[in-house]
Structure formats: structure tokens, C-alpha cells
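Chemist: First the structure, which I've put down as C-alpha cells, then a few questions once you've had a look.
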2 protein chains.
Amino acid sequence: MGQLAEATRRVGTARSIYLGLREQITGGVYAPGDSLPSSRALAEELGVSRTTVTTAFDQLISEGYVLVRQGARPVVAGNIGGVDSDLSHKSAPADPGLSAYAARAMALPPSHLARQKGLRYDFRYGDVAADDFPKLAWRKALTAAILARRERMGYGDAAGNENLRQALQGYLWRARGIRCDYQQIVVVNGSQQGLDLCARALLNPGDRIVVEEPCYAMARNIFVSLGAKPTTVACDSDGIDTSQLPTAEPHRFAFVTPSHQYPLGGILSIGRRRALLDWAENSDAYILEDDYDGEYRYDVRPIPPLYLSGRGRVIYIGTVSKTLSPTLRLGYLVLPPQLVEPLTRIKQLVDRQAPTFEQDALASLIESGTYERHVRKMRRLNGERRQAFLQAMGDVFGDRVEIVGTSAGLHVVVWFNEWKRQDETGLIEKARAAGIGIYPVSQLYAEASDRRAGFVFGYASMPLHDIPDGVRRLGQVLLS
Amino acid sequence: MGQLAEATRRVGTARSIYLGLREQITGGVYAPGDSLPSSRALAEELGVSRTTVTTAFDQLISEGYVLVRQGARPVVAGNIGGVDSDLSHKSAPADPGLSAYAARAMALPPSHLARQKGLRYDFRYGDVAADDFPKLAWRKALTAAILARRERMGYGDAAGNENLRQALQGYLWRARGIRCDYQQIVVVNGSQQGLDLCARALLNPGDRIVVEEPCYAMARNIFVSLGAKPTTVACDSDGIDTSQLPTAEPHRFAFVTPSHQYPLGGILSIGRRRALLDWAENSDAYILEDDYDGEYRYDVRPIPPLYLSGRGRVIYIGTVSKTLSPTLRLGYLVLPPQLVEPLTRIKQLVDRQAPTFEQDALASLIESGTYERHVRKMRRLNGERRQAFLQAMGDVFGDRVEIVGTSAGLHVVVWFNEWKRQDETGLIEKARAAGIGIYPVSQLYAEASDRRAGFVFGYASMPLHDIPDGVRRLGQVLLS
């Protein structure tokens with residue numbers, strides 16, 4: 001292009017920029033006193049030279065629309081005819097106008113589990129140690145998924161990639177004894193989303209449901225926000241006490257953790273399994289089975305999921321949050337056939353599908369056997385952590401504590417015999433001042449009955465050698 | 001370990017396995033006729049030798065619990081005392097017992113946009129070409145995120161990683177002129193989730209809302225499933241016709257696509273921008289601004305988001321689905337301050353947070369400038385595709401068609417002057433038989449009024465040279 005042509009083109013472009021900005025100023029998009037983008041930013045954004053933008057700015061300045069001071073961004077001038085200068089300064093509505101759902105969500109008690117900075121020893125449950133994550137295997141699987149030959153990138157099956165659902169089908173059979181069609185599996189963004197989708201599919205505001213007492217708070221919060229009325233049923237060392245299941249009023253579902261009650265750690269006994277399934281049958285209710293840490297058991301006896309015995313009534317919820325990482329946000333539902341289509345539709349409505357590359361990566365880890373090797377390794381490592389924790393607690397606190405739920409999972413509940421529930425906050429503060437994070441069991445109870453002080457201790461995120469050190473330090477702090 | 005000790009240990013383990021399986025059989029977990037896991041699978045799962053498992057199986061066989069045939073998996077025997085063999089065979093409930101929400105979702109018309117296999121030319125809108133995706137840059141950013149030094153892997157801020165929200169803040173200012181605090185940004189799983197979260201935060205069943213006519217169907221489906229009553233407002237080449245906005249009844253929000261109306265492609269005029277914002281102010285309503293393809297415009301005049309002028313009333317919804325890939329499931333909301341906390345809480349309730357590694361990867365692409373370079377490249381590439389498409393349509397169909405919405409975005413609507421709405425299905429079938437995917441505009445209209453046949457043509461997923469070929473082939477098929 002000759003120099004003249006180039007200059008003509010530039011002037012044309014500059015004029016378009018000038019007209020566009022002028023329209024925005026007179027239209028009130030930029031109010032008096034507002035900064036315009038810098039010429040450099042605008043040039044980059046528009047893919048034109050900075051000179052072109054400066055030409056446009058010069059025109060605006062000469063016409064009085066824009067003011068400049070040396071070194072500062074150009075600013076829209078005041079008193080420009082036609083500008084509805086109030087428009088952009090109307091204040092936000094005082095009442096945000098929330099739905100009943102959002103209002104209920106906002107009314108929930110704030111979580112004590114909010115992350116605390118600067119803790120030297122953090123017994124927070126739910127985290128996993130970064131060093132445990134199979135970085136190289138995940139990177140390799142994800143890289144292969146990204147580089148895989150595809151024609152186009154578009155939405156796939158809302159229920160999840162077929163390869164992942166088939167891999168999960170095999171895994172669930174091998175690891176958990178679950179036999180299902182892969183089409184009964186819906187891939188979700190972690191068990192939190194799995195529970196939310198189920199609750200949305202089944203609950204109307206005002207419906208009654210059964211929850212364990214104590215109960216995983218983030219699950220109860222989902223149900224309460226949707227307007228459900230929870231009936232609490234106490235748990236002991238055999239899990240939920242089925243003799244207390246309600247029969248007078250209809251209940252939509254029971255949310256349970258039969259393989260390892262959260263947080264108390266009870267394993268649902270055979271008799272109660274039957275009683276719970278009978279209750280569901282007789283009450284025309286579903287069972288939401290949250291198998292959040294079913295991979296972690298420290299004897300050789302597998303704990304079979306309820307799903308195996310409850311065809312048509314039990315929804316099984318699994319996750320890789322405890323085996324790989326909670327930051328991946330991958331989980332899955334195994335659904336009775338009549339719920340597959342509704343849950344798939346709802347998954348599509350709420351976010352179309354889980355991310356494709358990550359689904360492919362997980363499928364490949366499962367198919368290659370890497371996932372199950374990793375699970376076994378994690379079971380061994382976390383068994384060692386558990387052993388170190390229990391040993392140190394015994395050494396330091398002895399008979400002052402009772403520890404429950406030790407046969408499975410990645411956490412235990414420690415009851416402090418000499419302190420009451422009301423002491424928990426003070427103990428937390430004392431521990432925190434010494435750089436130790438401990439988390440009260442009370443917020444998992446719906447009812448504030450008379451109890452000893454109790455804490456949920458998670459150990460899966462701590463280096464092995466930190467565990468006895470942390471427990472000893474906690475002893476120094478609390479027993480001094 | 002000596003041979004004797006090793007043998008003793010193995011027998012102890014085998015006995016545990018035997019006892020565990022026996023309990024499951026007598027407890028009805030495995031019913032008569034059910035296969036047990038293979039000894040190889042069980043050995044792998046339990047981390048013991050296959051011999052150990054075989055020892056346990058032998059015991060079960062000798063006691064009559066289990067039958068084996070050569071080469072097949074062991075099977076649970078019939079007539080075992082204590083087995084409640086009905087338990088696992090109760091049929092599923094006839095009525096799935098869906099919530100009102102799920103029932104409304106199930107009542108929605110099925111989408112014509114379901115993927116069709118084996119198409120040679122697919123003008124499906126929403127997909128992007130796999131070759132356009134910056135595979136190497138994404139892999140590099142994601143690898144760095146995976147390998148980054150972290151102490152633990154746990155949940156972060158439900159609103160999104162701070163680094164990503166800060167990067168988006170800068171991007172939104174540079175690219176879209178939006179000035180906001182990074183704390184007003186909530187990272188979501190694509191704009192679909194963004195819309196669902198907003199709708200859940202604001203809508204009660206029975207609430208009225210405004211939607212464009214025609215309207216992005218997957219958005220309307222969210223609202224209708226939540227029980228909203230949509231009032232449709234017609235769109236023309238200047239976007240939504242604000243003179244038709246309802247004033248008699250209260251409306252909760254208007255869902256609009258002002259930068260490039262979907263699907264007709266109109267750009268909201270300055271006068272209508274003001275009218276829409278005034279309507280929101282006077283009606284105490286919000287505006288949901290879906291800026292789904294705001295990065296794609298083919299002249300130098302930027303189309304400023306409504307958000308700029310509508311402080312406190314406008315929720316801005318952005319996505320990387322059109323700039324990177326819809327399969328990533330990453331998007332963001334820019335919220336008025338009074339909605340930040342409610343939306344963050346709801347995001348946490350529904351799935352805790354977006355995946356960490358992917359958030360970090362996107363943050364790093366934006367921070368390094370790679371993202372904006374890629375957007376500019378895509379704008380150029382898709383400008384070429386658009387040009388090729390328009391040229392070919394003109395050559396092949398000439399005056400038989402009217403093409404609208406050509407100044408921005410990744411799609412156009414083509415009206416066929418000689419055919420009626422009722423002909424769309426037949427034309428789709430004809431095209432599909434020739435390996436061409438075309439998609440009717442009718443399903444985006446709430447009302448079935450008298451119209452020409454129209455189709456939404458997406459071109460962003462096609463190789464450039466395929467576009468004229470596909471259009472020519474379509475001409476041969478439809479005009480023959």
C-alpha cells in the first residue's frame with residue numbers, strides 16, 4: 001500500500017473511532033468525569049496503530065468532548081449537550097430483590113470452616129495434601145486430551161462423555177461392587193453439584209426430608225435453601241438410627257452417608273441397611289447415598305454401597321475429591337433408570353455439561369489403571385496418617401478424649417471429655433493463636449443439645465511428620 | 001518375613017475377605033445368581049495377592065455360598081438361609097416423583113440442536129473449530145497451574161480465584177470498557193451457569209420476566225423451568241423494541257443480548273439503550289446482559305456493554321466459549337454490589353467453585369496477553385469465514401435470501417424468501433440427507449406467527465475452504 005493510501009485508510013479508521021466514542025459520550029455511556037481507555041489500550045483492543053487512536057482523540061478534544069492532562073487518561077468533559085448524565089449515577093436499588101431461594105441461602109449460618117490464613121498445623125477436613133496429587137499423571141492425561149484430534153469443539157452429552165461414563169461403570173463395579181449401565185451415570189462438578197441436582201429434581205418448597213444428626217452441613221444447606229423441612233435422625237456408631245425414622249408424615253428422601261457417617265464415622269449395620277431400605281419403600285421416598293470417602297477403609301472388608309440393594313430407590317453419589325483433589329470438581333451420580341432423563345436435562349439446564357478435557361483425562365486415568373493404583377497408594381498413605389494421628393492423640397490426651405470413626409475415611413471426631421460444647425469457641429481461639437486449625441462438630445448438629453466439646457480432625461492434607469508435632473503442640477496449648 | 005509368617009498373614013487376610021463376602025451374601029447385598037467380582041479384580045482392589053482371594057473364594061465355595069464354573073466369574077448360590085432375596089429386585093417406583101422444577105424442565109420442547117452424526121458440512125452454531133483452539137498455550141498454562149507449588153488442595157473462594165478475577169477485571173476494562181472492582185466478578189461454569197445462578201437468585205415461581213422474541217432457547221428454558229412467566233418483546237435490526245416493554249405488570253428482569261441480539265444480530269441503538277435502562281429503573285427490574293460474543297465485531301466501532309450505563313441494575317454475563325472453547329465451561333458475571341454476596345453464596349451451594357487449575361490457566365493467559373492476542377486472531381479468522389459465507393450465499397442464493405446480523409458475532413440468520421416457516425423441517429431433512437446440518441430459527445420464537453423459513457448459520461467451526469463448498473452444496477440440494 002502506498003503512503004497516501006495508508007494515510008487515507010488510517011484517517012477513515014480514526015473517523016470511525018471518533019464517531020463511535022462520540023456516540024458513547026453523547027449517549028451517556030461515558031459520563032462527564034469518566035476516564036476513557038488509554039490510547040494504547042484502545043489501539044491494542046481495536047488492532048489499529050496508536051497513531052490512529054490519537055487522531056480520533058484529537059478530534060474529540062478539539063470538539064470539546066474530551067479533556068486531557070499530561071500523563072493522565074483522557075476524561076469526558078462536563079456540560080455536553082444531550083448527555084443524560086444522571087443515568088450512570090443512579091444508585092443501586094436498596095433492596096436487592098432476592099428470590100425466596102436466595103433469601104433462605106442468605107439466612108444460613110456462616111460457616112466456621114472458612115479458610116484461616118497462616119496456620120502452621122491445619123486439621124481442616126476436606127483438603128488433600130498437594131504432594132499426594134498425581135501431578136505428572138494428571139498432566140499427561142490432560143495434555144493428551146487437549147492435543148487429541150477433534151474436528152470441532154462443541155457441547156457433548158450433558159450426562160458426560162461416554163468414555164468417562166464407561167470407565168466409571170467399570171471402576172464402580174471393581175471398587176464398589178456396583179453393577180449399572182453406563183447410561184445410568186451422570187458426570188457432575190463434584191458431589192456438591194450432584195446433591196444440588198438431585199434436590200432440585202425431587203424437592204418442592206415445604207417438602208420434608210430426613211437428614212442425619214449430625215450431618216454434612218453443605219448438604220443440609222442445599223436442602224434448606226430449596227425450602228425443604230429437615231427431620232433429623234440421630235446417628236451412633238452403627239450409623240443412622242433407623243428405629244427413629246419418621247413414618248407419620250411423608251418424606252421425600254433421606255440423605256445418608258452409610259459407608260462412613262459424616263462426621264461420626266459409623267458404618268451402617270446390616271440390620272439398619274434393611275430397615276432404611278424398607279422405610280424408603282414404604283414411604284415412597286428416595287435415598288441419597290453420599291459415598292464421599294468410600295475408597296478409604298483400613299481393613300480388608302469392603303463396605304458395600306446401599307445402592308446395591310436399593311434398586312430404584314437409591315441415588316449413589318461419588319466423587320474424586322478425596323482420591324485426587326477437591327479442586328478438580330469432578331463427581332458422578334448413579335441413578336435409578338426413571339431419574340436418568342430428568343437429571344440429564346437438569347444438568348444441561350444448569351451448566352450444559354462438565355468440562356470435556358477433564359472428563360477425558362479422568363477416563364484415561366481410570367482406563368489405564370493409574371487411578372486405582374493411586375487410590376491404593378492414597379489408602380496406604382492415609383492409613384499411615386491416621387495411625388500417626390491416633391497414636392499421638394493417645395500419647396498426648398489419653399483418657400481425656402474419645403475418638404470415634406477410626407475405621408474408615410480421612411477424618412475422625414475427637415470428643416473432649418472434660419469440656420462442654422459451649423467451650424468449643426474458646427478452644428478454637430486458643431488453638432488458632434498457636435497456629436493450629438481445629439473445627440467444631442457443633443455446626444454439624446441441627447440441635448444444640450447438651451454435649452461434650454467435639455472437633456472434626458482431618459489429616460489427609462498434612463505431611464506425615466507434621467501430624468504428631470501438631471497434636472503435641474495442641475496438647476501444650478489446650479492442656480496448659 | 002519367613003515363609004510361615006507370610007502364610008499365616010495370608011490366611012488371616014483371606015479369612016477377613018471370606019467373612020466380608022459371606023456377610024454381603026447373607027445380608028442380601030449379592031442376591032442368588034449375582035456374579036461376584038473376579039478374583040483378579042478383587043485382589044487388585046484390595047491390594048492383596050490373587051492367591052489370598054482364591055483362598056477366600058474356596059472357603060465360600062466349600063460352604064455352599066458360591067458356585068463356580070470354569071472360566072466364569074463366581075456366582076452366588078440360591079437358597080441360602082437368611083438372604084432377603086427380594087430386596088434387590090423390587091422394581092423402581094412407577095412415578096419418579098419429580099419436583100415442579102423438574103416437571104417443567106421435562107415439559108420443555110426437545111431441542112432441534114441435538115448433535116447429528118456424520119455431517120459433511122455442519123452449520124451448527126456454538127461450536128468452534130478445534131484447530132482454532134490455542135492448544136499449546138492452554139496446555140502450557142494448565143501444566144504450570146498443575147505443577148505450581150501448593151501446600152494443600154482445598155476449596156478456595158466460591159466467587160473464583162483472586163488472580164483470575166483480577167485478570168478479568170483488567171480484560172473487561174481493556175476490551176469492553178467495563179470498570180468494576182474485581183470483587184464484583186464471580187467466575188462460573190460458562191454463561192449457562194451464570195444465567196441459572198442469576199435466575200435462582202432473583203426468580204420466584206410465577207414471576208414475570210422479559211425475554212427477546214426470538215430468544216436464545218437455552219436461556220428461556222432456564223427461566224421457564226424455574227417457573228417464570230416470560231413476556232416476549234419483538235426484536236428488529238436495532239435489537240429489542242423497547243416501545244413494547246411491558247409496564248402494567250411488574251417484571252423481575254429482562255434478559256437481553258444488546259451487543260448482538262441472538263439470533264437476529266441487531267445492535268441495540270442508543271435511544272433504546274436509554275429506554276431499556278429507564279424501564280429497569282421505573283420497574284424496579286434487573287437487566288441480564290448476555291454478552292455472549294461481544295469480542296466479535298467486524299468494524300472498528302466498539303459496542304459498549306449496557307453494564308456501563310446501568311449501575312446497580314445490570315448484570316453482565318461473559319464467557320470464553322466463543323473465544324477459546326465451549327468445552328472449557330468457563331464464564332463470569334459482573335454484578336452490582338448488592339448481588340455479590342448472594343451470588344457467591346449460591347455458587348458455593350450449587351458446586352462450591354469453578355475448577356482451580358483451569359481458573360489459574362485462564363488467569364495466566366490473560367495476564368500474559370496471550371488471550372487478547374488470540375481473541376484478535378480469532379476476530380480476523382472469523383471475519384474471513386463470515387466474508388466467505390456471505391460471498392458464497394450471495395453467489396448461490398442471490399435474491400432468494402435475506403441475511404441479517406452480519407456486522408458482529410459468529411452466526412447470521414438467513415431468511416429464505418420463497419419458503420414459509422412450515423417448510424423448515426422439510427428443508428432440514430433434505431439438507432441432512434446430503435450431509436449438511438442447518439438449524440431452524442423457529443425454535444427460538446415463542447410464538448408461531450407467520451414467517452418466512454429462516455435458519456441460524458454458524459460458521460466458526462468450519463474450515464475456511466469448507467464454507468463456500470458447503471453453501472454451494474446446500475444450493476444444489478435446496479434449489480434442485
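Ordering of the C-alpha cells sets the chain letters (A, B, ...); residue numbers start at 1 within each chain; ligands are numbered from 1 in the order shown.
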Counting only C-alpha atoms, what is within 9 Å of B:Thr323, bar same-chain residues fewer than 5 positions away, as a list in words?

Modeler: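 Near B:Thr323, the qualifying residues are Val128, Phe133, Asp293, Glu295, Tyr296, Tyr371, His374, Val375, Met378 and Arg379 of chain B.
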
Chemist: So which residues touch B:Val414 within 8 Å, counting only C-alpha atoms, skipping near sequence neighbours fewer than 6 positions away, as number ranges by chain?

Modeler: B: 401-404, 454-457

Chemist: Of the candidates B:Tyr307, B:Phe389, B:Trp415, B:Tyr439, which one gets nearest to A:Gly28 if we count only C-alpha atoms?

Modeler: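 For A:Gly28, the nearest of the candidates is B:Tyr307.
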
Chemist: Could you find all residues in stretch 255-329 of chain B that DSSP calls strand (DSSP E) from the backbone, and write them as a PDB file with N, CA and C atoms, in the first residue's frame?

Modeler:
ATOM      1  N   PHE B 255     -34.064 -10.276  30.027  1.00  0.00           N
ATOM      2  CA  PHE B 255     -32.883 -10.965  29.516  1.00  0.00           C
ATOM      3  C   PHE B 255     -32.627 -10.468  28.097  1.00  0.00           C
ATOM      4  N   VAL B 256     -31.466  -9.841  27.903  1.00  0.00           N
ATOM      5  CA  VAL B 256     -31.203  -9.216  26.595  1.00  0.00           C
ATOM      6  C   VAL B 256     -29.786  -9.500  26.104  1.00  0.00           C
ATOM      7  N   TYR B 286     -34.178  -5.876  37.068  1.00  0.00           N
ATOM      8  CA  TYR B 286     -32.784  -6.015  36.642  1.00  0.00           C
ATOM      9  C   TYR B 286     -32.730  -6.251  35.134  1.00  0.00           C
ATOM     10  N   ILE B 287     -31.525  -6.058  34.605  1.00  0.00           N
ATOM     11  CA  ILE B 287     -31.271  -6.428  33.211  1.00  0.00           C
ATOM     12  C   ILE B 287     -30.156  -7.470  33.211  1.00  0.00           C
ATOM     13  N   LEU B 288     -30.435  -8.617  32.615  1.00  0.00           N
ATOM     14  CA  LEU B 288     -29.396  -9.638  32.441  1.00  0.00           C
ATOM     15  C   LEU B 288     -28.821  -9.446  31.042  1.00  0.00           C
ATOM     16  N   GLU B 289     -27.583  -8.965  30.988  1.00  0.00           N
ATOM     17  CA  GLU B 289     -26.949  -8.656  29.711  1.00  0.00           C
ATOM     18  C   GLU B 289     -26.020  -9.802  29.322  1.00  0.00           C
ATOM     19  N   ASP B 290     -26.443 -10.578  28.350  1.00  0.00           N
ATOM     20  CA  ASP B 290     -25.633 -11.714  27.913  1.00  0.00           C
ATOM     21  C   ASP B 290     -24.731 -11.268  26.772  1.00  0.00           C
ATOM     22  N   VAL B 314     -27.814  -3.683  36.103  1.00  0.00           N
ATOM     23  CA  VAL B 314     -27.406  -4.574  35.017  1.00  0.00           C
ATOM     24  C   VAL B 314     -26.423  -5.623  35.532  1.00  0.00           C
ATOM     25  N   ILE B 315     -26.705  -6.870  35.220  1.00  0.00           N
ATOM     26  CA  ILE B 315     -25.773  -7.965  35.469  1.00  0.00           C
ATOM     27  C   ILE B 315     -25.158  -8.337  34.125  1.00  0.00           C
ATOM     28  N   TYR B 316     -23.850  -8.305  34.062  1.00  0.00           N
ATOM     29  CA  TYR B 316     -23.146  -8.593  32.813  1.00  0.00           C
ATOM     30  C   TYR B 316     -22.660 -10.037  32.840  1.00  0.00           C
ATOM     31  N   ILE B 317     -22.904 -10.766  31.758  1.00  0.00           N
ATOM     32  CA  ILE B 317     -22.519 -12.176  31.695  1.00  0.00           C
ATOM     33  C   ILE B 317     -21.566 -12.374  30.523  1.00  0.00           C
ATOM     34  N   GLY B 318     -20.342 -12.803  30.815  1.00  0.00           N
ATOM     35  CA  GLY B 318     -19.344 -13.035  29.783  1.00  0.00           C
ATOM     36  C   GLY B 318     -18.903 -14.480  29.780  1.00  0.00           C
ATOM     37  N   THR B 319     -18.235 -14.883  28.724  1.00  0.00           N
ATOM     38  CA  THR B 319     -17.852 -16.285  28.562  1.00  0.00           C
ATOM     39  C   THR B 319     -16.610 -16.392  27.691  1.00  0.00           C
TER      40      THR B 319
END

Chemist: Find the residues around A:Leu202 up to 8 Å (only C-alpha atoms counted), leave out those fewer than 6 positions away in its own chain, and share them as a ChimeraX atom specification.

Modeler: /A:252 /B:97-99,102

Chemist: Given the selection you just returned, output its residues as a file containing all heavy atoms, formatted as a compact mmCIF listing (two decimals), in the first residue's frame.

Modeler:
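The resulting file, result01.txt, is shown below:
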# COMPACT_ATOMS: atom_id res chain seq x y z
N ARG A 252 -39.62 -36.90 51.42
CA ARG A 252 -39.25 -37.03 50.01
C ARG A 252 -38.03 -37.92 49.84
O ARG A 252 -37.94 -38.71 48.91
CB ARG A 252 -38.98 -35.63 49.44
CG ARG A 252 -39.05 -35.57 47.96
CD ARG A 252 -40.49 -35.74 47.48
NE ARG A 252 -40.55 -36.24 46.12
CZ ARG A 252 -40.51 -37.53 45.79
NH1 ARG A 252 -40.41 -38.46 46.69
NH2 ARG A 252 -40.58 -37.90 44.53
N GLY B 97 -41.65 -39.13 40.74
CA GLY B 97 -41.84 -38.18 41.84
C GLY B 97 -41.02 -36.91 41.68
O GLY B 97 -40.30 -36.51 42.59
N LEU B 98 -41.13 -36.29 40.51
CA LEU B 98 -40.31 -35.12 40.23
C LEU B 98 -40.85 -33.86 40.91
O LEU B 98 -42.06 -33.73 41.14
CB LEU B 98 -40.24 -34.88 38.72
CG LEU B 98 -39.62 -36.01 37.90
CD1 LEU B 98 -39.62 -35.63 36.43
CD2 LEU B 98 -38.20 -36.32 38.37
N SER B 99 -39.97 -32.94 41.19
CA SER B 99 -40.33 -31.63 41.69
C SER B 99 -41.03 -30.84 40.58
O SER B 99 -40.94 -31.20 39.39
CB SER B 99 -39.08 -30.86 42.12
OG SER B 99 -38.26 -30.60 41.00
N ALA B 102 -38.43 -29.85 38.07
CA ALA B 102 -38.03 -30.91 37.13
C ALA B 102 -39.15 -31.21 36.15
O ALA B 102 -38.90 -31.48 34.97
CB ALA B 102 -37.64 -32.17 37.91

Chemist: Please return, as a ChimeraX atom specification, all residues of stretch 275-445 of chain A that DSSP assigns to helix (DSSP H, G or I) on the basis of the backbone.

Modeler: /A:275-283,306-309,326-328,337-351,356-367,370-400,421-433,442-444

Chemist: I'd like the contact shell of B:Tyr216 - 8 Å cut-off, only C-alpha atoms, skipping same-chain residues fewer than 2 positions apart - returned as a ChimeraX atom specification.

Modeler: /B:214,218-220,262-263,444

Chemist: Go ahead and save the residues from that selection, with all heavy atoms, as a PDB file, in the first residue's frame.

Modeler:
ATOM      1  N   PRO B 214     -37.144 -13.242  18.678  1.00  0.00           N
ATOM      2  CA  PRO B 214     -36.738 -14.555  19.190  1.00  0.00           C
ATOM      3  C   PRO B 214     -35.675 -14.443  20.280  1.00  0.00           C
ATOM      4  O   PRO B 214     -35.063 -13.397  20.437  1.00  0.00           O
ATOM      5  CB  PRO B 214     -36.189 -15.240  17.949  1.00  0.00           C
ATOM      6  CG  PRO B 214     -35.685 -14.130  17.094  1.00  0.00           C
ATOM      7  CD  PRO B 214     -36.622 -12.984  17.339  1.00  0.00           C
ATOM      8  N   MET B 218     -31.841 -21.851  25.244  1.00  0.00           N
ATOM      9  CA  MET B 218     -31.344 -22.450  26.486  1.00  0.00           C
ATOM     10  C   MET B 218     -31.440 -21.482  27.670  1.00  0.00           C
ATOM     11  O   MET B 218     -31.408 -21.904  28.811  1.00  0.00           O
ATOM     12  CB  MET B 218     -29.899 -22.933  26.309  1.00  0.00           C
ATOM     13  CG  MET B 218     -29.770 -24.239  25.555  1.00  0.00           C
ATOM     14  SD  MET B 218     -30.559 -25.637  26.421  1.00  0.00           S
ATOM     15  CE  MET B 218     -29.408 -25.878  27.779  1.00  0.00           C
ATOM     16  N   ALA B 219     -31.505 -20.192  27.375  1.00  0.00           N
ATOM     17  CA  ALA B 219     -31.731 -19.227  28.463  1.00  0.00           C
ATOM     18  C   ALA B 219     -33.197 -19.247  28.858  1.00  0.00           C
ATOM     19  O   ALA B 219     -33.534 -19.369  30.030  1.00  0.00           O
ATOM     20  CB  ALA B 219     -31.304 -17.822  28.026  1.00  0.00           C
ATOM     21  N   ARG B 220     -34.068 -19.133  27.862  1.00  0.00           N
ATOM     22  CA  ARG B 220     -35.508 -19.152  28.166  1.00  0.00           C
ATOM     23  C   ARG B 220     -35.866 -20.423  28.934  1.00  0.00           C
ATOM     24  O   ARG B 220     -36.662 -20.395  29.866  1.00  0.00           O
ATOM     25  CB  ARG B 220     -36.321 -19.048  26.879  1.00  0.00           C
ATOM     26  CG  ARG B 220     -37.813 -18.875  27.140  1.00  0.00           C
ATOM     27  CD  ARG B 220     -38.588 -18.534  25.876  1.00  0.00           C
ATOM     28  NE  ARG B 220     -38.303 -19.488  24.814  1.00  0.00           N
ATOM     29  CZ  ARG B 220     -38.437 -19.233  23.520  1.00  0.00           C
ATOM     30  NH1 ARG B 220     -38.840 -18.054  23.117  1.00  0.00           N
ATOM     31  NH2 ARG B 220     -38.146 -20.152  22.622  1.00  0.00           N
ATOM     32  N   TYR B 262     -29.296 -12.209  19.871  1.00  0.00           N
ATOM     33  CA  TYR B 262     -29.318 -13.586  19.417  1.00  0.00           C
ATOM     34  C   TYR B 262     -30.738 -14.004  19.179  1.00  0.00           C
ATOM     35  O   TYR B 262     -31.551 -13.916  20.089  1.00  0.00           O
ATOM     36  CB  TYR B 262     -28.681 -14.552  20.430  1.00  0.00           C
ATOM     37  CG  TYR B 262     -28.565 -15.938  19.834  1.00  0.00           C
ATOM     38  CD1 TYR B 262     -27.498 -16.233  18.993  1.00  0.00           C
ATOM     39  CD2 TYR B 262     -29.550 -16.897  20.043  1.00  0.00           C
ATOM     40  CE1 TYR B 262     -27.418 -17.476  18.380  1.00  0.00           C
ATOM     41  CE2 TYR B 262     -29.472 -18.129  19.429  1.00  0.00           C
ATOM     42  CZ  TYR B 262     -28.414 -18.415  18.604  1.00  0.00           C
ATOM     43  OH  TYR B 262     -28.340 -19.635  17.986  1.00  0.00           O
ATOM     44  N   PRO B 263     -31.058 -14.474  17.967  1.00  0.00           N
ATOM     45  CA  PRO B 263     -30.178 -14.751  16.838  1.00  0.00           C
ATOM     46  C   PRO B 263     -30.149 -13.686  15.754  1.00  0.00           C
ATOM     47  O   PRO B 263     -29.347 -13.779  14.836  1.00  0.00           O
ATOM     48  CB  PRO B 263     -30.826 -16.017  16.253  1.00  0.00           C
ATOM     49  CG  PRO B 263     -32.298 -15.763  16.451  1.00  0.00           C
ATOM     50  CD  PRO B 263     -32.419 -14.982  17.745  1.00  0.00           C
ATOM     51  N   LEU B 444     -36.484 -20.722  18.230  1.00  0.00           N
ATOM     52  CA  LEU B 444     -36.077 -19.614  19.090  1.00  0.00           C
ATOM     53  C   LEU B 444     -37.228 -18.624  19.303  1.00  0.00           C
ATOM     54  O   LEU B 444     -37.117 -17.707  20.107  1.00  0.00           O
ATOM     55  CB  LEU B 444     -34.865 -18.902  18.488  1.00  0.00           C
ATOM     56  CG  LEU B 444     -33.689 -19.840  18.151  1.00  0.00           C
ATOM     57  CD1 LEU B 444     -32.557 -19.058  17.516  1.00  0.00           C
ATOM     58  CD2 LEU B 444     -33.194 -20.575  19.387  1.00  0.00           C
TER      59      LEU B 444
END

Chemist: Determine the nearest neighbour of chain B from the options A:Lys229, A:Arg208, A:Arg50, A:Arg345, counting only C-alpha atoms.

Modeler: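 Of the candidates, the smallest distance to chain B is held by A:Arg345.
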